[in-house]
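Shown next: start_38.cif, given as mmCIF, C-alpha atoms.
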```
data_data
#
loop_
_atom_site.label_atom_id
_atom_site.label_comp_id
_atom_site.auth_asym_id
_atom_site.auth_seq_id
_atom_site.Cartn_x
_atom_site.Cartn_y
_atom_site.Cartn_z
CA MET A 23 -27.69 107.32 -52.36
CA ARG A 24 -29.79 104.41 -51.20
CA GLN A 25 -33.50 104.60 -52.02
CA VAL A 26 -36.38 103.03 -50.16
CA LYS A 27 -38.44 100.69 -52.35
CA PHE A 28 -42.17 101.27 -52.18
CA TRP A 29 -43.85 98.07 -53.41
CA GLN A 30 -47.15 99.82 -53.14
CA ILE A 31 -48.30 103.21 -51.91
CA LYS A 32 -51.49 102.92 -49.89
CA PRO A 33 -53.91 105.86 -49.98
CA GLU A 34 -53.62 105.86 -46.18
CA ILE A 35 -49.80 105.75 -46.05
CA ARG A 36 -48.47 107.29 -42.82
CA ILE A 37 -46.71 110.58 -43.54
CA LEU A 38 -45.04 112.86 -41.01
CA GLY A 39 -45.41 116.49 -42.09
CA VAL A 40 -43.06 118.87 -40.26
CA ASP A 41 -43.24 122.64 -40.06
CA ASP A 42 -41.98 125.33 -37.69
CA GLY A 43 -43.77 128.13 -35.86
CA PRO A 44 -43.47 131.82 -36.79
CA PHE A 45 -41.39 134.40 -34.92
CA GLU A 46 -41.02 138.16 -34.89
CA ALA A 47 -38.05 139.97 -36.44
CA GLY A 48 -35.16 140.10 -33.99
CA TYR A 49 -36.48 137.17 -31.97
CA ARG A 50 -33.90 134.93 -30.28
CA GLY A 51 -34.64 131.64 -28.56
CA LYS A 52 -36.56 128.46 -29.23
CA VAL A 53 -39.08 127.97 -32.03
CA PRO A 54 -41.55 125.04 -31.99
CA LEU A 55 -41.17 122.34 -34.63
CA VAL A 56 -44.40 120.39 -35.11
CA GLY A 57 -44.87 117.00 -36.74
CA ALA A 58 -48.34 115.97 -37.92
CA VAL A 59 -48.78 112.21 -38.44
CA PHE A 60 -51.24 111.98 -41.31
CA ARG A 61 -52.91 109.03 -43.03
CA GLY A 62 -52.41 109.98 -46.68
CA GLY A 63 -54.33 113.20 -47.18
CA LYS A 64 -57.20 111.99 -45.03
CA TRP A 65 -56.88 112.29 -41.30
CA LEU A 66 -54.59 113.19 -38.41
CA ASP A 67 -53.29 110.23 -36.43
CA GLY A 68 -50.98 111.96 -33.96
CA VAL A 69 -48.85 115.00 -33.24
CA MET A 70 -45.20 115.45 -32.18
CA ILE A 71 -43.60 118.63 -30.91
CA THR A 72 -40.01 119.65 -30.31
CA ASN A 73 -38.10 122.95 -30.22
CA VAL A 74 -35.21 124.28 -32.26
CA GLU A 75 -32.99 127.31 -31.78
CA LYS A 76 -33.71 130.35 -33.96
CA ASP A 77 -30.87 130.42 -36.58
CA GLY A 78 -29.27 127.55 -34.63
CA MET A 79 -27.63 124.33 -35.84
CA ASP A 80 -29.79 121.80 -33.96
CA ALA A 81 -32.73 121.09 -36.33
CA THR A 82 -31.26 117.78 -37.59
CA GLU A 83 -30.45 116.52 -34.08
CA ARG A 84 -33.82 117.59 -32.63
CA LEU A 85 -35.80 115.99 -35.45
CA ILE A 86 -33.84 112.70 -35.24
CA GLU A 87 -34.36 112.71 -31.47
CA MET A 88 -38.11 113.33 -31.85
CA LEU A 89 -38.38 110.53 -34.43
CA THR A 90 -36.33 107.91 -32.61
CA ARG A 91 -38.21 108.34 -29.33
CA SER A 92 -41.59 108.29 -31.15
CA ARG A 93 -44.02 105.39 -30.96
CA HIS A 94 -45.07 106.40 -34.49
CA LEU A 95 -41.67 105.73 -36.11
CA GLY A 96 -42.28 102.06 -36.97
CA GLN A 97 -45.44 102.94 -38.91
CA LEU A 98 -44.20 106.07 -40.65
CA ARG A 99 -43.20 105.64 -44.31
CA VAL A 100 -42.07 109.11 -45.32
CA LEU A 101 -41.13 112.51 -43.93
CA MET A 102 -42.38 115.70 -45.57
CA VAL A 103 -40.85 119.05 -44.74
CA ASP A 104 -41.70 122.57 -45.83
CA GLY A 105 -38.26 123.59 -47.14
CA ILE A 106 -35.09 122.60 -45.30
CA THR A 107 -34.49 125.73 -43.24
CA PHE A 108 -36.43 126.03 -39.98
CA ALA A 109 -36.55 128.75 -37.36
CA GLY A 110 -34.72 131.11 -39.68
CA PHE A 111 -31.61 129.36 -41.01
CA ASN A 112 -31.49 126.26 -38.84
CA VAL A 113 -30.74 123.86 -41.71
CA LEU A 114 -32.19 120.35 -41.69
CA ASP A 115 -29.91 117.65 -43.11
CA VAL A 116 -32.56 115.32 -44.55
CA ARG A 117 -29.89 112.84 -45.73
CA GLU A 118 -28.67 112.51 -42.17
CA VAL A 119 -32.27 112.02 -40.96
CA PHE A 120 -32.67 109.28 -43.59
CA ARG A 121 -29.39 107.58 -42.53
CA LYS A 122 -30.29 107.67 -38.84
CA THR A 123 -34.00 106.79 -39.00
CA GLY A 124 -34.49 105.01 -42.36
CA LEU A 125 -37.22 107.51 -43.17
CA PRO A 126 -36.99 108.93 -46.70
CA ALA A 127 -37.94 112.58 -47.12
CA ILE A 128 -39.77 114.82 -49.54
CA VAL A 129 -38.80 118.47 -49.27
CA VAL A 130 -41.72 120.57 -50.50
CA SER A 131 -41.68 124.26 -51.44
CA ARG A 132 -44.15 126.61 -53.04
CA GLU A 133 -41.47 128.43 -55.02
CA ILE A 134 -38.20 127.32 -56.61
CA PRO A 135 -35.52 128.23 -54.06
CA VAL A 136 -33.11 130.85 -55.47
CA MET A 137 -29.74 129.42 -54.44
CA SER A 138 -27.77 132.65 -54.87
CA ASP A 139 -30.16 134.50 -52.52
CA ILE A 140 -29.91 131.74 -49.93
CA ARG A 141 -26.11 131.77 -50.09
CA LYS A 142 -26.06 135.53 -49.59
CA ALA A 143 -28.38 135.37 -46.56
CA LEU A 144 -26.40 132.51 -45.01
CA LYS A 145 -23.20 134.56 -45.04
CA ASN A 146 -24.47 136.60 -42.11
CA LEU A 147 -24.53 133.52 -39.89
CA PRO A 148 -21.90 131.60 -37.93
CA ARG A 149 -20.76 128.33 -39.59
CA TRP A 150 -22.37 129.49 -42.82
CA LYS A 151 -20.32 127.11 -44.98
CA GLU A 152 -21.59 124.10 -43.09
CA ARG A 153 -25.15 125.27 -43.64
CA TRP A 154 -24.48 125.97 -47.30
CA GLU A 155 -23.01 122.49 -47.87
CA ILE A 156 -26.18 120.88 -46.50
CA ILE A 157 -28.42 123.04 -48.66
CA LYS A 158 -26.30 122.46 -51.77
CA ALA A 159 -26.38 118.71 -51.20
CA ALA A 160 -30.18 118.66 -51.17
CA ALA A 161 -31.61 116.65 -54.01
CA LYS A 162 -32.76 117.74 -57.43
CA ILE A 163 -35.95 119.79 -57.54
CA TYR A 164 -39.04 118.79 -59.54
CA PRO A 165 -42.35 120.55 -60.13
CA VAL A 166 -45.54 118.64 -59.19
CA LYS A 167 -49.04 119.63 -60.18
CA THR A 168 -51.25 118.77 -57.22
CA GLN A 169 -54.39 120.47 -58.51
CA ARG A 170 -55.90 120.44 -61.98
CA GLU A 171 -55.82 124.24 -61.98
CA GLY A 172 -53.15 126.61 -60.73
CA LYS A 173 -49.42 126.61 -60.16
CA PRO A 174 -47.30 123.54 -59.44
CA ILE A 175 -45.43 123.10 -56.18
CA TYR A 176 -41.83 121.87 -56.00
CA MET A 177 -40.34 118.80 -54.37
CA GLN A 178 -36.91 117.32 -53.66
CA PRO A 179 -37.06 113.55 -53.02
CA VAL A 180 -34.36 112.13 -50.71
CA GLY A 181 -34.05 108.35 -50.42
CA ILE A 182 -37.20 107.88 -52.48
CA LYS A 183 -37.78 107.63 -56.22
CA ARG A 184 -39.14 110.66 -58.00
CA GLU A 185 -42.28 108.82 -59.15
CA ASP A 186 -43.07 107.54 -55.65
CA ALA A 187 -42.54 110.98 -54.12
CA GLU A 188 -44.77 112.53 -56.77
CA ARG A 189 -47.58 110.07 -56.03
CA ILE A 190 -47.35 110.74 -52.30
CA VAL A 191 -47.38 114.52 -52.77
CA ARG A 192 -50.43 114.24 -55.04
CA LEU A 193 -52.45 111.80 -52.95
CA SER A 194 -51.91 113.86 -49.79
CA SER A 195 -52.92 117.23 -51.30
CA THR A 196 -56.63 116.67 -50.71
CA ARG A 197 -57.71 120.12 -49.45
CA SER A 198 -55.39 122.57 -51.17
CA SER A 199 -52.29 122.62 -53.36
CA VAL A 200 -50.21 121.85 -50.24
CA PRO A 201 -50.07 118.29 -48.81
CA GLU A 202 -52.33 117.94 -45.73
CA PRO A 203 -49.53 116.79 -43.37
CA LEU A 204 -47.74 120.10 -44.01
CA ARG A 205 -50.87 122.27 -43.96
CA VAL A 206 -51.92 120.84 -40.59
CA ALA A 207 -48.39 120.97 -39.06
CA HIS A 208 -48.36 124.65 -40.06
CA LEU A 209 -51.76 125.35 -38.45
CA ILE A 210 -50.65 123.75 -35.17
CA ALA A 211 -47.18 125.37 -35.05
CA THR A 212 -48.64 128.80 -35.78
CA ALA A 213 -51.28 128.47 -33.04
CA ILE A 214 -48.65 127.42 -30.49
CA VAL A 215 -46.80 130.70 -31.06
CA ARG A 216 -49.65 133.12 -31.85
CA GLY A 217 -52.56 131.53 -29.95
CA GLU A 218 -54.51 131.13 -33.19
CA SER A 219 -54.14 130.01 -36.80
CA HIS A 220 -56.27 130.08 -39.96
CA GLY A 221 -56.69 127.82 -42.98
CA ARG A 222 -56.58 130.58 -45.55
CA VAL A 223 -54.34 133.64 -45.68
CA MET B 1 -83.35 129.14 -22.64
CA ARG B 2 -83.02 130.65 -26.09
CA GLN B 3 -82.12 128.24 -28.87
CA VAL B 4 -80.29 128.98 -32.08
CA LYS B 5 -82.31 128.07 -35.17
CA PHE B 6 -80.43 126.03 -37.73
CA TRP B 7 -82.24 126.46 -41.05
CA GLN B 8 -79.90 123.96 -42.55
CA ILE B 9 -76.86 122.06 -41.33
CA LYS B 10 -74.17 121.96 -44.00
CA PRO B 11 -71.89 118.91 -44.06
CA GLU B 12 -69.03 121.40 -43.78
CA ILE B 13 -70.47 123.40 -40.86
CA ARG B 14 -67.71 125.07 -38.82
CA ILE B 15 -67.40 123.45 -35.41
CA LEU B 16 -64.98 124.41 -32.64
CA GLY B 17 -63.93 121.30 -30.69
CA VAL B 18 -62.31 122.10 -27.34
CA ASP B 19 -60.25 119.79 -25.14
CA ASP B 20 -57.59 120.18 -22.46
CA GLY B 21 -54.11 118.72 -22.10
CA PRO B 22 -53.20 116.00 -19.58
CA PHE B 23 -51.30 116.59 -16.31
CA GLU B 24 -49.61 114.44 -13.69
CA ALA B 25 -51.14 113.80 -10.27
CA GLY B 26 -50.29 116.62 -7.89
CA TYR B 27 -49.59 119.06 -10.73
CA ARG B 28 -50.36 122.72 -10.09
CA GLY B 29 -50.30 125.46 -12.67
CA LYS B 30 -51.61 126.10 -16.16
CA VAL B 31 -53.04 123.46 -18.47
CA PRO B 32 -53.44 124.11 -22.22
CA LEU B 33 -56.95 124.33 -23.64
CA VAL B 34 -56.99 123.70 -27.39
CA GLY B 35 -59.72 124.56 -29.89
CA ALA B 36 -59.77 122.80 -33.26
CA VAL B 37 -61.81 124.60 -35.94
CA PHE B 38 -63.20 121.79 -38.04
CA ARG B 39 -65.29 121.73 -41.21
CA GLY B 40 -67.91 119.14 -40.30
CA GLY B 41 -65.99 115.90 -39.80
CA LYS B 42 -63.77 116.61 -42.77
CA TRP B 43 -60.82 118.90 -42.28
CA LEU B 44 -59.03 121.23 -39.89
CA ASP B 45 -59.42 124.90 -40.67
CA GLY B 46 -57.54 126.47 -37.77
CA VAL B 47 -56.38 126.07 -34.19
CA MET B 48 -56.76 128.20 -31.04
CA ILE B 49 -54.86 127.79 -27.80
CA THR B 50 -55.31 129.26 -24.34
CA ASN B 51 -54.41 128.18 -20.80
CA VAL B 52 -56.51 127.48 -17.72
CA GLU B 53 -55.54 126.97 -14.10
CA LYS B 54 -55.51 123.38 -12.80
CA ASP B 55 -58.66 123.09 -10.58
CA GLY B 56 -59.15 126.84 -11.07
CA MET B 57 -62.27 128.90 -11.82
CA ASP B 58 -61.16 130.57 -15.06
CA ALA B 59 -62.21 128.13 -17.83
CA THR B 60 -65.35 130.10 -18.74
CA GLU B 61 -63.53 133.45 -18.85
CA ARG B 62 -60.55 132.06 -20.79
CA LEU B 63 -62.76 130.36 -23.39
CA ILE B 64 -64.95 133.46 -23.90
CA GLU B 65 -61.77 135.54 -24.25
CA MET B 66 -60.31 133.11 -26.80
CA LEU B 67 -63.56 133.13 -28.78
CA THR B 68 -64.20 136.87 -28.79
CA ARG B 69 -60.67 137.73 -29.95
CA SER B 70 -60.80 135.02 -32.63
CA ARG B 71 -61.08 135.75 -36.34
CA HIS B 72 -62.96 132.43 -36.59
CA LEU B 73 -65.88 133.48 -34.36
CA GLY B 74 -68.08 134.91 -37.13
CA GLN B 75 -67.94 131.65 -39.09
CA LEU B 76 -68.30 129.23 -36.20
CA ARG B 77 -71.76 127.71 -35.72
CA VAL B 78 -71.34 125.48 -32.70
CA LEU B 79 -68.99 124.69 -29.84
CA MET B 80 -68.23 121.09 -28.85
CA VAL B 81 -66.59 120.27 -25.56
CA ASP B 82 -65.41 117.00 -24.05
CA GLY B 83 -67.30 117.20 -20.76
CA ILE B 84 -67.57 120.49 -18.85
CA THR B 85 -64.70 120.11 -16.41
CA PHE B 86 -61.24 121.01 -17.70
CA ALA B 87 -57.82 120.88 -16.06
CA GLY B 88 -59.25 118.86 -13.21
CA PHE B 89 -62.35 120.64 -11.86
CA ASN B 90 -62.17 123.96 -13.68
CA VAL B 91 -65.87 124.02 -14.60
CA LEU B 92 -66.97 125.52 -17.94
CA ASP B 93 -70.27 127.40 -17.85
CA VAL B 94 -71.48 126.67 -21.38
CA ARG B 95 -74.63 128.76 -20.85
CA GLU B 96 -72.49 131.76 -20.05
CA VAL B 97 -70.37 131.09 -23.15
CA PHE B 98 -73.58 130.97 -25.21
CA ARG B 99 -74.84 134.25 -23.69
CA LYS B 100 -71.57 136.07 -24.29
CA THR B 101 -70.67 134.72 -27.73
CA GLY B 102 -73.95 133.51 -29.26
CA LEU B 103 -72.33 130.13 -29.86
CA PRO B 104 -74.50 127.17 -28.84
CA ALA B 105 -72.71 124.20 -27.33
CA ILE B 106 -72.80 120.42 -27.41
CA VAL B 107 -71.21 118.79 -24.37
CA VAL B 108 -70.01 115.33 -25.38
CA SER B 109 -69.00 112.48 -23.07
CA ARG B 110 -68.14 108.83 -23.56
CA GLU B 111 -69.86 107.77 -20.35
CA ILE B 112 -72.92 109.04 -18.51
CA PRO B 113 -71.55 111.36 -15.80
CA VAL B 114 -72.34 110.01 -12.32
CA MET B 115 -73.55 113.14 -10.53
CA SER B 116 -73.11 111.84 -6.98
CA ASP B 117 -69.44 111.00 -7.68
CA ILE B 118 -68.85 114.44 -9.16
CA ARG B 119 -70.46 116.14 -6.17
CA LYS B 120 -68.27 114.17 -3.80
CA ALA B 121 -65.06 115.03 -5.66
CA LEU B 122 -66.02 118.71 -5.87
CA LYS B 123 -66.31 118.98 -2.11
CA ASN B 124 -62.52 118.92 -1.78
CA LEU B 125 -62.24 122.16 -3.73
CA PRO B 126 -62.65 125.83 -2.83
CA ARG B 127 -65.97 127.37 -4.00
CA TRP B 128 -67.34 123.89 -4.58
CA LYS B 129 -70.97 124.99 -4.48
CA GLU B 130 -70.43 127.44 -7.33
CA ARG B 131 -68.89 124.64 -9.40
CA TRP B 132 -71.69 122.27 -8.48
CA GLU B 133 -74.39 124.77 -9.51
CA ILE B 134 -72.84 125.09 -12.97
CA ILE B 135 -72.62 121.33 -13.41
CA LYS B 136 -76.18 120.78 -12.15
CA ALA B 137 -77.51 123.43 -14.54
CA ALA B 138 -76.00 121.65 -17.53
CA ALA B 139 -78.63 120.45 -19.94
CA LYS B 140 -80.33 117.10 -20.21
CA ILE B 141 -78.19 114.22 -21.42
CA TYR B 142 -79.01 112.11 -24.50
CA PRO B 143 -77.31 109.06 -26.01
CA VAL B 144 -76.25 109.28 -29.68
CA LYS B 145 -75.15 106.39 -31.82
CA THR B 146 -72.39 107.70 -34.05
CA GLN B 147 -71.34 104.32 -35.48
CA ARG B 148 -73.45 101.46 -36.73
CA GLU B 149 -71.66 99.14 -34.31
CA GLY B 150 -70.60 99.75 -30.73
CA LYS B 151 -71.63 101.89 -27.81
CA PRO B 152 -73.39 105.25 -28.04
CA ILE B 153 -71.78 108.46 -26.79
CA TYR B 154 -73.66 111.05 -24.73
CA MET B 155 -74.45 114.69 -25.44
CA GLN B 156 -75.94 117.69 -23.67
CA PRO B 157 -77.20 120.36 -26.11
CA VAL B 158 -77.13 123.96 -24.85
CA GLY B 159 -78.83 126.65 -26.95
CA ILE B 160 -79.45 124.15 -29.74
CA LYS B 161 -82.26 121.69 -30.39
CA ARG B 162 -81.67 118.05 -29.61
CA GLU B 163 -82.21 116.96 -33.22
CA ASP B 164 -79.80 119.56 -34.58
CA ALA B 165 -77.14 118.62 -32.01
CA GLU B 166 -77.59 114.96 -32.85
CA ARG B 167 -77.10 115.58 -36.56
CA ILE B 168 -73.95 117.59 -35.92
CA VAL B 169 -72.48 114.95 -33.60
CA ARG B 170 -73.19 112.25 -36.19
CA LEU B 171 -71.95 114.10 -39.26
CA SER B 172 -68.69 115.03 -37.52
CA SER B 173 -67.86 111.53 -36.25
CA THR B 174 -66.19 110.45 -39.49
CA ARG B 175 -63.13 108.58 -38.18
CA SER B 176 -64.22 107.11 -34.86
CA SER B 177 -67.13 107.21 -32.42
CA VAL B 178 -65.87 110.62 -31.24
CA PRO B 179 -66.51 113.77 -33.33
CA GLU B 180 -63.38 114.81 -35.26
CA PRO B 181 -63.18 118.34 -33.76
CA LEU B 182 -62.79 116.75 -30.30
CA ARG B 183 -60.50 113.95 -31.41
CA VAL B 184 -58.12 116.40 -33.07
CA ALA B 185 -58.25 118.96 -30.21
CA HIS B 186 -57.29 116.08 -27.91
CA LEU B 187 -54.34 115.02 -30.11
CA ILE B 188 -52.98 118.58 -30.20
CA ALA B 189 -53.47 119.30 -26.48
CA THR B 190 -51.81 116.02 -25.49
CA ALA B 191 -48.79 116.66 -27.74
CA ILE B 192 -48.33 120.17 -26.30
CA VAL B 193 -47.95 118.67 -22.81
CA ARG B 194 -46.26 115.32 -23.56
CA GLY B 195 -44.40 116.06 -26.80
CA GLU B 196 -46.37 113.37 -28.62
CA SER B 197 -49.89 112.00 -29.08
CA HIS B 198 -51.49 108.97 -30.74
CA GLY B 199 -54.76 108.30 -32.53
CA ARG B 200 -55.54 105.05 -30.77
CA VAL B 201 -55.11 104.18 -27.12
#
```

Rewritten as C-alpha cells:
Amino acid sequence: MRQVKFWQIKPEIRILGVDDGPFEAGYRGKVPLVGAVFRGGKWLDGVMITNVEKDGMDATERLIEMLTRSRHLGQLRVLMVDGITFAGFNVLDVREVFRKTGLPAIVVSREIPVMSDIRKALKNLPRWKERWEIIKAAAKIYPVKTQREGKPIYMQPVGIKREDAERIVRLSSTRSSVPEPLRVAHLIATAIVRGESHGRV
Amino acid sequence: MRQVKFWQIKPEIRILGVDDGPFEAGYRGKVPLVGAVFRGGKWLDGVMITNVEKDGMDATERLIEMLTRSRHLGQLRVLMVDGITFAGFNVLDVREVFRKTGLPAIVVSREIPVMSDIRKALKNLPRWKERWEIIKAAAKIYPVKTQREGKPIYMQPVGIKREDAERIVRLSSTRSSVPEPLRVAHLIATAIVRGESHGRV
C-alpha cells in the first residue's frame, strides 16, 4: 500500500481525531461522530460533526463525506481514530478513506483487540463477513509508550510509516496517555449525547 | 454585591466558558448553549450542552440548571460568557447565576456594547423592559489587553474583583486575544449547528 512521505513532522501538525458518542443498550438510530482538528497536542483549531447509524454500514461513507466537504481537509496531515468500529459495529474502512481523501490514518486503541472475540460478536450482524474483511485488513498493530510511566497504547498505521505514526502519537499525547485529538473528540461526542462529559473517569 | 475572594489564582484554575451556536435570520426554535470546562488557558477538561429558545427568556434558568446538575460545579471557580445575550436576545442574568450557584462571572466582549443600540433592538421583543433591566444592571466595563500587540477586549466582572477577573482573562488567553474557554465553546457550538467550525475567520 502507498505511504505518505512526511519530510518533517511539525509539533503543530494538523491532526483530525475522530470518536463517536455513547449510546444505551438496545439503542437504535443515529450516533454522532465528532472530529476534533488539533494542532499537534496543543490546541483545538476546529470541530466537525456527522452522524452514523448504530451497527450500520455507513461510517466510511459518512467520514469521507465529512472530510471532502471540509475546509480543513487541505491542511490536515493525518487522521486518528479510536479503534475502527463506531456506533457499535459500524466498521470504518481506513484504507478506503486514505484512497478517497489522501489522508493517512493512525488507528489507536488502549488494549490489543482480540480478533476472535470481534469475529464472534460480528456474527450477530447482517453482512458480517464484509465487516470482518475490513477489520482483518487493518494494518499491523504496534505498542507505543506515550508516557514515561504506565502502560503503552496500541496503534495501526495506514498509509504512513510506523516511525512517523509513532512520533505523531507521542507528540500529541500532551495531557494523558491518549492523544489530545482523540481525548477532545471523545469529550465533545459524549456531551452531545449525555449533555455533559468529564476529563477523568 | 458580594464578591468571591480568590486567595490565589492557579494557572490551571477551572473556568467554564459559555457560548451559543449560530442561527439563520428568521430562525425560531432552540439554539445550543455550550460550556467548555477549561484548565486556565491550557486544556479542555469537559463539555456541557443545553438549549435555549431563540429570543426567549430562559437562558438564566437553563444555565443554572446545567450548572447545578453538573459534576463539574464543585471544581469550577469562575464562569466566562461571551456577552450576556444568547440566541438573539435571550438575556443571561449573571447576578442571578452567581446567587444560585456561587459562581462569579466575567462577561467578555470584543467591542464596547453600545447601550442605546441594544435598547432600540430590545424594543421589538416581548417583555423588553425586563431584558433591559438585566442588561443595565450588568457590571461596569473594563478594557483588558490580553496580547502585547493589538486591540484590548472588554470585561464586566460580577461577584469577582476587577484585578482577579483581569488576571483570569489574561492567563486564559493563550492562543488568541480571546480566552480559550470561550474560543473552544464557540468552536463546539458552531459545529453542532453547522456541522463544522474553524479557528480563524

Interface residues on chain B facing chain A, 10 Å, only C-alpha atoms, written as a ChimeraX atom specification: /B:34-37,41-51,66,69-72,174-175,180,183-184,186-200

Excluding same-chain residues fewer than 3 positions from Thr146 of chain B, what lies within 12 Å of it counting all atoms listed in the file, as a list in words? Gly41, Val108, Arg110, Pro143, Glu149, Gly150, Lys151, Pro152, Ile153, Tyr154, Met155, Glu166, Arg167, Ile168, Val169, Arg170, Leu171, Ser172, Ser173, Thr174, Arg175, Ser176, Ser177, Val178, Pro179 and Glu180 of chain B

Restricted to C-alpha atoms, what would the selected residues look like written as a short mmCIF file (atom, residue, chain, number, x, y, z; two decimals), in the frame of the given file?
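Once written, selection_34.cif looks like this:
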```cif
data_model
loop_
_atom_site.label_atom_id
_atom_site.label_comp_id
_atom_site.auth_asym_id
_atom_site.auth_seq_id
_atom_site.Cartn_x
_atom_site.Cartn_y
_atom_site.Cartn_z
CA GLY B 41 -65.99 115.90 -39.80
CA VAL B 108 -70.01 115.33 -25.38
CA ARG B 110 -68.14 108.83 -23.56
CA PRO B 143 -77.31 109.06 -26.01
CA GLU B 149 -71.66 99.14 -34.31
CA GLY B 150 -70.60 99.75 -30.73
CA LYS B 151 -71.63 101.89 -27.81
CA PRO B 152 -73.39 105.25 -28.04
CA ILE B 153 -71.78 108.46 -26.79
CA TYR B 154 -73.66 111.05 -24.73
CA MET B 155 -74.45 114.69 -25.44
CA GLU B 166 -77.59 114.96 -32.85
CA ARG B 167 -77.10 115.58 -36.56
CA ILE B 168 -73.95 117.59 -35.92
CA VAL B 169 -72.48 114.95 -33.60
CA ARG B 170 -73.19 112.25 -36.19
CA LEU B 171 -71.95 114.10 -39.26
CA SER B 172 -68.69 115.03 -37.52
CA SER B 173 -67.86 111.53 -36.25
CA THR B 174 -66.19 110.45 -39.49
CA ARG B 175 -63.13 108.58 -38.18
CA SER B 176 -64.22 107.11 -34.86
CA SER B 177 -67.13 107.21 -32.42
CA VAL B 178 -65.87 110.62 -31.24
CA PRO B 179 -66.51 113.77 -33.33
CA GLU B 180 -63.38 114.81 -35.26
#
```

Measure the distance from atom CA of Gly40 of chain B to atom CA of Ile15 of chain B in Å and round it to one decimal.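 Computing the Euclidean distance for atom CA of Gly40 of chain B and atom CA of Ile15 of chain B yields 6.5 Å.
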
Quote the spacing between atom CA of Val26 of chain A and atom CA of Ile128 of chain A in Å to one decimal place.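 So the two atoms, atom CA of Val26 of chain A and atom CA of Ile128 of chain A, lie 12.3 Å apart.
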
Could you put an axis-aligned box around every listed atom of segment 171-177 of chain A, padded by 5 Å on each side, and send me its centre and edge lengths in Å to one decimal, as JSON?
```
{"center_x": -48.1, "center_y": 122.7, "center_z": -58.2, "size_x": 25.5, "size_y": 17.8, "size_z": 17.6}
```

Could you write out as a short mmCIF file (atom, residue, chain, number, x, y, z; two decimals) with C-alpha atoms, keeping the file's coordinate frame the residues that the PyMOL selection byres ((chain A and resi 186) around 12) matches in the shown file?
```cif
data_model
loop_
_atom_site.label_atom_id
_atom_site.label_comp_id
_atom_site.auth_asym_id
_atom_site.auth_seq_id
_atom_site.Cartn_x
_atom_site.Cartn_y
_atom_site.Cartn_z
CA GLN A 25 -33.50 104.60 -52.02
CA VAL A 26 -36.38 103.03 -50.16
CA LYS A 27 -38.44 100.69 -52.35
CA PHE A 28 -42.17 101.27 -52.18
CA TRP A 29 -43.85 98.07 -53.41
CA GLN A 30 -47.15 99.82 -53.14
CA ILE A 31 -48.30 103.21 -51.91
CA LYS A 32 -51.49 102.92 -49.89
CA ILE A 35 -49.80 105.75 -46.05
CA ARG A 99 -43.20 105.64 -44.31
CA VAL A 100 -42.07 109.11 -45.32
CA PRO A 126 -36.99 108.93 -46.70
CA ALA A 127 -37.94 112.58 -47.12
CA ILE A 128 -39.77 114.82 -49.54
CA VAL A 166 -45.54 118.64 -59.19
CA MET A 177 -40.34 118.80 -54.37
CA GLN A 178 -36.91 117.32 -53.66
CA PRO A 179 -37.06 113.55 -53.02
CA VAL A 180 -34.36 112.13 -50.71
CA GLY A 181 -34.05 108.35 -50.42
CA ILE A 182 -37.20 107.88 -52.48
CA LYS A 183 -37.78 107.63 -56.22
CA ARG A 184 -39.14 110.66 -58.00
CA GLU A 185 -42.28 108.82 -59.15
CA ALA A 187 -42.54 110.98 -54.12
CA GLU A 188 -44.77 112.53 -56.77
CA ARG A 189 -47.58 110.07 -56.03
CA ILE A 190 -47.35 110.74 -52.30
CA VAL A 191 -47.38 114.52 -52.77
CA ARG A 192 -50.43 114.24 -55.04
CA LEU A 193 -52.45 111.80 -52.95
#
```

Using all atoms listed in the file, which protein or nucleic acid residues come within 12 Å of Thr90 of chain A? Drop anything in the same chain fewer than 5 positions from it, and give the result as a count of residues only. 13

Return as a PyMOL selection string the set of residues that the PyMOL selection byres ((chain A and resi 81) around 12) yields on the displayed structure. chain A and resi 40-42+52-56+72-80+82-88+103+106-116+118-119+153

What is the atom CA of Arg149 of chain A-atom CA of Tyr164 of chain A distance in Å, reported with one decimal?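 Between atom CA of Arg149 of chain A and atom CA of Tyr164 of chain A the gap works out to 28.7 Å.
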
Residue nearest Leu101 of chain A - candidates A:Phe60, A:Gly51, A:Arg24, A:Ile140, atoms counted: all atoms listed in the file: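 That would be A:Phe60, the residue with the smallest distance to Leu101 of chain A.
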
Shortest interatomic distance to Asp117 of chain B - which of B:Gln147, B:Phe23, B:Trp132, B:Lys140, counting all atoms listed in the file: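 Using all atoms listed in the file, the shortest distance to Asp117 of chain B belongs to B:Trp132.
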
Starting from the incomplete input, reconstruct N, CA and C atoms of segment 60-67 of chain B and write that as a PDB file, in the frame of the given file.
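Output file rebuild36.pdb follows:
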```pdb
ATOM      1  N   THR B  60     -64.312 129.372 -18.025  1.00  0.00           N
ATOM      2  CA  THR B  60     -65.350 130.100 -18.740  1.00  0.00           C
ATOM      3  C   THR B  60     -64.809 131.412 -19.306  1.00  0.00           C
ATOM      4  N   GLU B  61     -64.110 132.160 -18.450  1.00  0.00           N
ATOM      5  CA  GLU B  61     -63.530 133.450 -18.850  1.00  0.00           C
ATOM      6  C   GLU B  61     -62.500 133.265 -19.967  1.00  0.00           C
ATOM      7  N   ARG B  62     -61.606 132.293 -19.798  1.00  0.00           N
ATOM      8  CA  ARG B  62     -60.550 132.060 -20.790  1.00  0.00           C
ATOM      9  C   ARG B  62     -61.145 131.663 -22.147  1.00  0.00           C
ATOM     10  N   LEU B  63     -62.174 130.810 -22.126  1.00  0.00           N
ATOM     11  CA  LEU B  63     -62.760 130.360 -23.390  1.00  0.00           C
ATOM     12  C   LEU B  63     -63.499 131.508 -24.080  1.00  0.00           C
ATOM     13  N   ILE B  64     -64.236 132.305 -23.320  1.00  0.00           N
ATOM     14  CA  ILE B  64     -64.950 133.460 -23.900  1.00  0.00           C
ATOM     15  C   ILE B  64     -63.936 134.439 -24.508  1.00  0.00           C
ATOM     16  N   GLU B  65     -62.854 134.675 -23.784  1.00  0.00           N
ATOM     17  CA  GLU B  65     -61.770 135.540 -24.250  1.00  0.00           C
ATOM     18  C   GLU B  65     -61.189 135.017 -25.567  1.00  0.00           C
ATOM     19  N   MET B  66     -60.894 133.720 -25.599  1.00  0.00           N
ATOM     20  CA  MET B  66     -60.310 133.110 -26.800  1.00  0.00           C
ATOM     21  C   MET B  66     -61.268 133.243 -27.982  1.00  0.00           C
ATOM     22  N   LEU B  67     -62.569 133.056 -27.708  1.00  0.00           N
ATOM     23  CA  LEU B  67     -63.560 133.130 -28.780  1.00  0.00           C
ATOM     24  C   LEU B  67     -63.764 134.549 -29.278  1.00  0.00           C
TER      25      LEU B  67
END
```
